[in-house]
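Peer 1: Structure file structure-v6.txt (compact mmCIF, C-alpha atoms) is given on the next line.
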# COMPACT_ATOMS: atom_id res chain seq x y z
CA MET A 14 -21.38 -5.94 -19.40
CA LYS A 15 -19.18 -7.07 -16.55
CA LYS A 16 -15.73 -5.51 -16.43
CA ASN A 17 -12.68 -7.76 -16.54
CA ILE A 18 -10.54 -7.22 -13.43
CA LEU A 19 -6.98 -8.54 -13.10
CA ILE A 20 -5.68 -8.96 -9.54
CA THR A 21 -1.96 -9.54 -8.98
CA CYS A 22 -0.22 -11.15 -5.96
CA ALA A 23 -3.28 -13.38 -5.99
CA GLY A 24 -2.10 -15.78 -3.29
CA GLY A 25 -2.19 -13.17 -0.51
CA SER A 26 -5.09 -13.08 1.93
CA ARG A 27 -6.21 -9.61 0.79
CA CYS A 28 -6.30 -10.64 -2.86
CA VAL A 29 -8.11 -13.90 -2.12
CA TYR A 30 -10.72 -11.94 -0.16
CA MET A 31 -11.11 -9.42 -2.99
CA ALA A 32 -11.39 -12.13 -5.66
CA LYS A 33 -14.10 -13.99 -3.76
CA LYS A 34 -15.97 -10.78 -2.97
CA MET A 35 -15.89 -9.39 -6.52
CA LYS A 36 -16.33 -12.49 -8.68
CA ASN A 37 -20.13 -12.16 -8.89
CA ARG A 38 -20.05 -8.55 -10.10
CA PHE A 39 -16.91 -8.73 -12.27
CA ASN A 40 -15.01 -11.22 -14.37
CA VAL A 41 -11.98 -11.74 -12.11
CA PHE A 42 -8.59 -12.95 -13.38
CA LEU A 43 -5.60 -13.75 -11.18
CA VAL A 44 -1.80 -13.70 -11.53
CA ASP A 45 1.04 -14.28 -9.11
CA GLY A 46 4.80 -14.72 -9.15
CA THR A 47 4.37 -18.29 -7.89
CA ASP A 48 1.82 -21.03 -8.36
CA GLN A 49 2.55 -22.49 -4.91
CA THR A 50 -0.42 -20.68 -3.32
CA ILE A 51 -4.18 -21.05 -3.11
CA ALA A 52 -4.66 -18.82 -6.18
CA PRO A 53 -4.72 -21.57 -8.88
CA TYR A 54 -7.46 -23.40 -6.92
CA LEU A 55 -10.00 -20.59 -6.53
CA GLY A 56 -11.90 -21.55 -9.68
CA LEU A 57 -10.85 -18.38 -11.50
CA PRO A 58 -8.52 -17.94 -14.50
CA PHE A 59 -4.93 -17.94 -13.18
CA GLU A 60 -1.48 -17.51 -14.70
CA LYS A 61 1.99 -17.40 -13.21
CA VAL A 62 3.94 -14.26 -14.14
CA PRO A 63 7.49 -13.02 -13.42
CA PHE A 64 7.92 -10.87 -10.32
CA GLY A 65 7.44 -7.14 -10.75
CA ASP A 66 11.16 -6.35 -10.83
CA ASP A 67 11.85 -8.99 -13.50
CA PRO A 68 12.57 -7.64 -17.03
CA GLY A 69 9.98 -10.05 -18.42
CA TYR A 70 7.13 -8.87 -16.18
CA SER A 71 5.74 -6.15 -18.44
CA LYS A 72 5.76 -8.27 -21.60
CA ARG A 73 3.97 -11.15 -19.89
CA MET A 74 1.40 -8.83 -18.30
CA GLU A 75 0.78 -7.08 -21.62
CA PHE A 76 0.12 -10.46 -23.25
CA LEU A 77 -2.37 -11.50 -20.56
CA ILE A 78 -4.12 -8.12 -20.58
CA LYS A 79 -4.77 -8.53 -24.31
CA LYS A 80 -5.65 -12.22 -24.03
CA TRP A 81 -8.16 -11.68 -21.25
CA LYS A 82 -9.35 -8.27 -22.52
CA ILE A 83 -8.63 -6.72 -19.12
CA ASP A 84 -10.32 -3.43 -18.23
CA CYS A 85 -8.67 -2.82 -14.87
CA VAL A 86 -5.54 -4.02 -13.02
CA VAL A 87 -5.24 -4.16 -9.23
CA PRO A 88 -1.49 -4.41 -8.42
CA GLY A 89 -0.48 -5.81 -5.06
CA ALA A 90 3.31 -5.35 -4.88
CA ASP A 91 5.44 -2.20 -4.89
CA GLU A 92 7.69 -3.58 -7.64
CA GLU A 93 4.72 -3.83 -9.99
CA LEU A 94 3.42 -0.29 -9.63
CA LEU A 95 5.57 1.61 -12.12
CA PRO A 96 5.54 -1.18 -14.74
CA VAL A 97 1.73 -1.34 -14.53
CA LYS A 98 1.53 2.43 -14.79
CA ALA A 99 3.64 2.26 -17.95
CA LEU A 100 1.26 -0.35 -19.40
CA CYS A 101 -1.63 2.04 -18.77
CA GLU A 102 0.21 4.85 -20.54
CA HIS A 103 0.60 2.66 -23.63
CA ASN A 104 -3.02 1.53 -23.41
CA PRO A 105 -5.30 4.50 -22.50
CA SER A 106 -8.37 2.27 -22.11
CA LEU A 107 -6.67 0.27 -19.34
CA LEU A 108 -7.22 1.42 -15.75
CA ALA A 109 -5.12 0.58 -12.69
CA ILE A 110 -6.13 1.06 -9.05
CA ILE A 111 -3.01 3.06 -8.17
CA PRO A 112 -1.98 6.74 -7.95
CA SER A 113 0.04 8.82 -10.42
CA LYS A 114 3.54 7.87 -11.58
CA ASP A 115 5.13 10.83 -9.75
CA PHE A 116 3.38 9.98 -6.49
CA ILE A 117 4.41 6.32 -6.77
CA ALA A 118 8.06 7.23 -7.42
CA LEU A 119 8.11 9.62 -4.47
CA CYS A 120 6.62 7.11 -2.02
CA LEU A 121 8.93 4.30 -3.09
CA ASN A 122 11.92 6.49 -2.18
CA LYS A 123 11.40 6.61 1.58
CA LYS A 124 14.17 9.11 2.22
CA LYS A 125 12.91 11.56 -0.41
CA LEU A 126 9.35 11.14 0.89
CA MET A 127 10.38 12.11 4.42
CA GLU A 128 12.20 15.18 3.08
CA VAL A 129 9.16 16.29 1.05
CA LEU A 130 6.77 15.75 3.97
CA GLU A 131 9.06 17.90 6.14
CA LYS A 132 9.39 20.64 3.50
CA LEU A 133 5.61 20.83 3.02
CA ASN A 134 5.01 20.84 6.79
CA ILE A 135 2.86 17.71 6.62
CA SER A 136 4.87 15.44 8.93
CA HIS A 137 8.23 15.67 10.68
CA LEU A 138 10.26 12.49 10.82
CA LEU A 139 13.47 13.38 9.00
CA PRO A 140 16.21 10.72 8.95
CA PHE A 141 19.46 11.49 10.76
CA ALA A 142 22.05 12.96 8.37
CA LYS A 143 25.10 11.40 10.09
CA LYS A 144 25.81 8.51 12.43
CA GLU A 145 27.00 10.99 15.04
CA ASP A 146 23.58 12.69 15.05
CA ILE A 147 21.56 9.57 15.84
CA LYS A 148 19.56 9.53 19.05
CA TYR A 149 18.79 6.00 20.19
CA PRO A 150 16.58 4.03 20.05
CA ALA A 151 16.02 4.60 16.34
CA ILE A 152 14.45 2.85 13.35
CA ALA A 153 16.76 1.62 10.57
CA LYS A 154 15.39 0.63 7.16
CA PRO A 155 16.31 0.65 3.44
CA ILE A 156 15.62 3.73 1.34
CA PHE A 157 13.96 1.43 -1.19
CA GLY A 158 12.15 -1.61 0.12
CA ARG A 159 8.76 -3.21 0.47
CA GLY A 160 6.78 -3.11 3.71
CA SER A 161 8.69 -4.01 6.86
CA ARG A 162 11.52 -5.92 5.19
CA GLU A 163 14.90 -5.12 6.79
CA VAL A 164 13.22 -2.73 9.25
CA HIS A 165 14.75 -2.91 12.73
CA ILE A 166 14.90 -0.98 15.97
CA VAL A 167 18.54 -0.20 16.78
CA LYS A 168 19.31 0.71 20.39
CA ASP A 169 22.96 1.77 20.17
CA PRO A 170 25.83 2.30 17.67
CA ASN A 171 26.89 -1.35 17.93
CA GLN A 172 23.44 -2.54 16.85
CA LEU A 173 23.49 -0.10 13.94
CA GLU A 174 26.86 -1.48 12.78
CA GLY A 175 25.46 -4.99 13.13
CA TYR A 176 22.47 -4.00 11.00
CA LEU A 177 24.72 -2.60 8.25
CA LYS A 178 26.87 -5.75 8.31
CA LEU A 179 23.85 -8.09 8.31
CA TYR A 180 22.41 -6.53 5.14
CA ASN A 181 25.74 -5.59 3.57
CA LYS A 182 24.81 -1.91 3.36
CA LYS A 183 26.49 1.44 3.89
CA PHE A 184 24.96 4.21 5.97
CA ASN A 185 24.00 6.14 2.82
CA ASP A 186 21.99 3.11 1.60
CA ILE A 187 19.55 3.33 4.51
CA LEU A 188 17.65 5.87 6.55
CA VAL A 189 17.71 5.98 10.31
CA GLN A 190 14.77 7.81 11.86
CA PRO A 191 13.77 8.75 15.40
CA TYR A 192 11.76 6.06 17.16
CA ILE A 193 8.24 7.29 17.87
CA GLY A 194 6.02 5.69 20.51
CA GLY A 195 2.26 5.88 20.63
CA GLU A 196 -0.49 4.14 18.68
CA GLU A 197 0.07 2.89 15.15
CA TYR A 198 -2.54 3.54 12.46
CA THR A 199 -2.90 2.43 8.87
CA ILE A 200 -5.12 4.73 6.83
CA SER A 201 -6.84 3.86 3.56
CA VAL A 202 -7.34 6.99 1.46
CA THR A 203 -9.63 6.44 -1.52
CA VAL A 204 -8.99 9.11 -4.14
CA ASN A 205 -10.23 9.19 -7.75
CA ASN A 206 -8.25 10.02 -10.88
CA LEU A 207 -9.20 13.72 -10.58
CA ASN A 208 -7.74 13.86 -7.05
CA GLN A 209 -11.15 13.99 -5.38
CA ILE A 210 -11.38 12.23 -2.01
CA VAL A 211 -13.99 9.49 -1.85
CA GLY A 212 -13.22 8.45 1.72
CA ILE A 213 -10.68 8.18 4.54
CA VAL A 214 -10.62 5.10 6.77
CA PRO A 215 -8.34 5.24 9.86
CA LYS A 216 -7.55 1.82 11.33
CA ARG A 217 -5.75 1.44 14.64
CA VAL A 218 -3.29 -1.46 14.50
CA ALA A 219 -3.62 -3.68 17.56
CA SER A 220 -1.29 -6.50 16.47
CA ARG A 221 1.32 -7.19 13.81
CA LYS A 222 3.17 -10.34 12.77
CA LYS A 223 6.09 -10.29 10.34
CA GLY A 224 5.13 -6.76 9.33
CA LEU A 225 1.52 -7.65 8.44
CA THR A 226 -1.43 -6.30 10.40
CA ARG A 227 -3.19 -9.17 12.16
CA VAL A 228 -5.66 -7.22 14.34
CA ALA A 229 -7.04 -3.73 13.63
CA VAL A 230 -10.13 -1.64 14.33
CA THR A 231 -11.65 1.31 12.48
CA GLU A 232 -11.88 4.62 14.32
CA LYS A 233 -13.03 8.16 13.68
CA SER A 234 -10.26 10.73 14.08
CA ALA A 235 -10.37 14.38 13.07
CA ILE A 236 -6.57 14.58 13.45
CA ILE A 237 -5.94 11.69 11.08
CA GLU A 238 -8.54 12.82 8.55
CA LYS A 239 -6.98 16.29 8.49
CA LEU A 240 -3.55 14.74 7.84
CA ALA A 241 -4.86 12.59 4.99
CA LYS A 242 -6.59 15.56 3.36
CA GLU A 243 -3.35 17.53 3.60
CA VAL A 244 -1.43 14.75 1.82
CA VAL A 245 -4.01 14.71 -0.98
CA GLU A 246 -4.03 18.49 -1.32
CA LYS A 247 -0.25 18.98 -1.31
CA LEU A 248 1.05 15.78 -2.96
CA ARG A 249 -1.85 15.28 -5.41
CA PRO A 250 -1.80 11.48 -5.74
CA PHE A 251 -4.68 11.18 -8.27
CA GLY A 252 -5.43 7.68 -6.99
CA PRO A 253 -5.84 5.53 -3.85
CA PHE A 254 -3.05 4.98 -1.35
CA ASN A 255 -2.36 4.00 2.25
CA ILE A 256 -0.63 5.99 5.01
CA GLN A 257 1.11 4.45 8.00
CA ILE A 258 1.55 6.69 11.03
CA LYS A 259 2.34 6.79 14.71
CA LEU A 260 0.03 9.00 16.78
CA TRP A 261 2.02 10.38 19.71
CA LYS A 262 0.55 12.95 22.10
CA ILE A 263 -2.18 13.81 19.54
CA ARG A 264 0.46 14.49 16.89
CA PRO A 265 0.65 12.23 13.80
CA TYR A 266 3.99 11.16 12.34
CA ILE A 267 4.00 9.54 8.89
CA PHE A 268 6.62 6.81 8.63
CA GLU A 269 5.48 5.35 5.32
CA ILE A 270 3.05 5.89 2.44
CA ASN A 271 2.18 2.89 0.31
CA PRO A 272 1.05 4.02 -3.18
CA ARG A 273 -1.36 1.09 -3.56
CA LEU A 274 -4.18 -0.63 -1.72
CA SER A 275 -3.31 -1.75 1.79
CA ASN A 276 -3.30 -5.31 3.08
CA THR A 277 -6.07 -4.07 5.40
CA SER A 278 -8.26 -3.03 2.47
CA THR A 279 -10.37 -6.02 3.56
CA LEU A 280 -11.27 -4.01 6.67
CA THR A 281 -11.87 -0.93 4.53
CA ASP A 282 -14.24 -3.03 2.42
CA LYS A 283 -16.23 -4.05 5.49
CA ALA A 284 -16.30 -0.67 7.23
CA PHE A 285 -16.53 1.65 4.22
CA GLY A 286 -16.64 0.04 0.79
CA ASN A 287 -14.72 -1.86 -1.85
CA GLU A 288 -11.91 0.44 -3.01
CA VAL A 289 -11.76 -1.07 -6.49
CA GLU A 290 -15.48 -0.61 -7.05
CA LEU A 291 -15.42 2.90 -5.59
CA TYR A 292 -12.54 3.94 -7.85
CA LEU A 293 -14.45 2.69 -10.89
CA LYS A 294 -17.71 4.27 -9.71
CA TYR A 295 -16.17 7.71 -9.17
CA PHE A 296 -13.71 7.65 -12.08
CA ASN A 297 -13.66 11.05 -13.83
CA LYS A 298 -16.15 12.49 -11.31
CA GLU A 299 -15.39 16.12 -10.47
CA LYS A 300 -17.70 15.95 -7.47
CA ILE A 301 -18.08 13.01 -5.09
CA GLU A 302 -21.74 12.45 -4.28
CA LYS A 303 -23.38 9.82 -2.07
CA ALA A 304 -20.07 8.35 -0.92
CA PRO A 305 -20.34 5.78 1.89
CA LYS A 306 -19.63 6.69 5.51
CA THR A 307 -16.96 4.95 7.56
CA LYS A 308 -18.28 2.72 10.32
CA PRO A 309 -16.09 2.99 13.44
CA GLY A 310 -15.57 0.03 15.73
CA ILE A 311 -15.32 -2.63 13.01
CA GLN A 312 -12.57 -5.09 13.97
CA LEU A 313 -10.37 -7.19 11.71
CA PHE A 314 -8.85 -10.47 12.88
CA CYS A 315 -6.65 -11.79 10.09
CA TYR A 316 -6.00 -15.53 10.16
CA GLU A 317 -4.78 -18.31 7.89
CA GLU A 318 -6.75 -21.20 6.46
CA ASN A 319 -5.56 -24.63 5.35
CA PHE A 320 -6.13 -25.96 1.85
CA PHE A 321 -5.19 -29.42 0.60
CA THR A 322 -4.84 -30.91 -2.85
CA SER A 323 -3.32 -34.04 -4.35
The structure given in the file should be rewritten as structure tokens.

Peer 2:
Amino acid sequence: MKKNILITCAGGSRCVYMAKKMKNRFNVFLVDGTDQTIAPYLGLPFEKVPFGDDPGYSKRMEFLIKKWKIDCVVPGADEELLPVKALCEHNPSLLAIIPSKDFIALCLNKKKLMEVLEKLNISHLLPFAKKEDIKYPAIAKPIFGRGSREVHIVKDPNQLEGYLKLYNKKFNDILVQPYIGGEEYTISVTVNNLNQIVGIVPKRVASRKKGLTRVAVTEKSAIIEKLAKEVVEKLRPFGPFNIQIKLWKIRPYIFEINPRLSNTSTLTDKAFGNEVELYLKYFNKEKIEKAPKTKPGIQLFCYEENFFTS
């Protein structure tokens, strides 16, 4: 029997790609916080739900999971991760394509994550403790926040004060980190529920727009693969995640870990395999056998399409 898969944030390009790709092998159901997207017109069951940080989100999701007899949830937004994890805890037969609750909580607190990475000697990009310590240029961003929202380069103390005023924040509400040059990479790390690595897919980011990767290419990198394995060994995620790094003078610096599938999981799908299917295939496997191999040199060009209705 086909499994019933529920994909959230269904109007995003990654989710649309996944829904179209998986609909022949699974029964795919879609939800989103808005119906003003392409999602209701894909010919798949769709429902509008509250956003992940809304008190009504969990109740609505629980209703739809029962109504549609969902086997597996694929969350797309950071705000949804812990509520979905809680739904899984109350329903042991329900799976979610996300890591453990502890790993999610750690990654969502960007300041705490940087401190833990430093302590475990995985990566060294500690935020400055005081304004007087800052060496410019630097990166300013919220301690809690999705993606690249409110992330800015600040070049001097005046720009930092302007940043704090713009977002009505105090210095203790943000973290300010050293600016690192070099190449940017986004790395899909497919891990099963027993913390066994299925695959690591490094993708060099060639172009971004509004925080989203528009152009990327898969590469082989022993340095990056070693880093990803170290994160899995020391932080024990027990599920798939995505690492964002800068590679400067052959040294990787982690500036973010997203405890969910990446927006570039479309490229992972093409160059390695479908992360949802791989998680289900290797669920509860103590040994990973016959895993796919990453194909280097596969390029992603992300673009928008137009859809019309009346």

Peer 1: Nearest to Val167 of chain A among A:Ile237, A:Ala151, A:Leu19, A:Val230, with distances taken over only C-alpha atoms: which residue is it?

Peer 2: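 Closest to Val167 of chain A of all the choices is A:Ala151.
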
Peer 1: Check which residues of segment 50-103 of chain A sit at most 10 Å from segment 263-286 of chain A using all atoms listed in the file, and return one row each with the closest pair of atoms and their distance in Å to one decimal, ordered by chain and rising number, as a tab-separated table.

Peer 2:
residue	atom	partner	partner_atom	distance
A:Val87	CA	A:Leu274	CA	8.4
A:Pro88	CA	A:Arg273	CA	7.3
A:Gly89	CA	A:Arg273	CA	7.1
A:Ala90	CA	A:Arg273	CA	8.1
A:Asp91	CA	A:Arg273	CA	7.7
A:Leu94	CA	A:Arg273	CA	7.8

Peer 1: Quick one: residues within 8 Å of Gln190 of chain A, only C-alpha atoms counted, chain neighbours fewer than 3 positions away excluded, as a PDB file with C-alpha atoms, in the frame of the given file?

Peer 2:
ATOM      1  CA  LEU A 138      10.260  12.490  10.820  1.00  0.00           C
ATOM      2  CA  LEU A 139      13.470  13.380   9.000  1.00  0.00           C
ATOM      3  CA  PRO A 140      16.210  10.720   8.950  1.00  0.00           C
ATOM      4  CA  PHE A 141      19.460  11.490  10.760  1.00  0.00           C
ATOM      5  CA  ALA A 151      16.020   4.600  16.340  1.00  0.00           C
ATOM      6  CA  ILE A 152      14.450   2.850  13.350  1.00  0.00           C
ATOM      7  CA  ALA A 153      16.760   1.620  10.570  1.00  0.00           C
TER       8      ALA A 153
END

Peer 1: Pull the neighbourhood of (-6.1, -27.5, 1.0) for me: all residues within 12 Å in file coordinates, counting all atoms listed in the file, as JSON, numbers by chain.

Peer 2: {"A": [49, 50, 51, 52, 53, 54, 55, 317, 318, 319, 320, 321, 322, 323]}

Peer 1: Using only C-alpha atoms, which residues sit within 7 Å of segment 204-214 of chain A once same-chain residues fewer than 5 positions away are excluded, as a count of residues only?

Peer 2: 16

Peer 1: Which residue, A:Val86, A:Ala23, A:Val44, A:Val189, has the smallest gap to Ser106 of chain A when you use only C-alpha atoms?

Peer 2: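 Under the stated criterion, the closest residue is A:Val86.
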
Peer 1: Between A:Asn287, A:Leu107, A:Ile147, A:Leu240, which is the closest to Tyr30 of chain A once you count all atoms listed in the file?

Peer 2: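 Nearest candidate to Tyr30 of chain A out of A:Asn287, A:Leu107, A:Ile147, A:Leu240: A:Asn287.
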
Peer 1: Record the distance separating atom CA of Glu197 of chain A and atom CA of Trp261 of chain A, expressed in Å with one decimal.

Peer 2: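 We find that atom CA of Glu197 of chain A and atom CA of Trp261 of chain A lie 9.0 Å from each other.
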
Peer 1: Please report, as a tab-separated table, each residue of segment 186-289 of chain A lying at most 12 Å from segment 168-179 of chain A, together with the nearest pair of atoms and the separation in Å rounded to one decimal; use all atoms listed in the file, and order rows by chain and ascending residue number.

Peer 2:
residue	atom	partner	partner_atom	distance
A:Asp186	CA	A:Leu177	CA	9.2
A:Ile187	CA	A:Leu177	CA	8.7
A:Leu188	CA	A:Leu173	CA	11.2
A:Val189	CA	A:Leu173	CA	9.1
A:Gln190	CA	A:Leu173	CA	12.0
A:Pro191	CA	A:Lys168	CA	11.0
A:Tyr192	CA	A:Lys168	CA	9.8
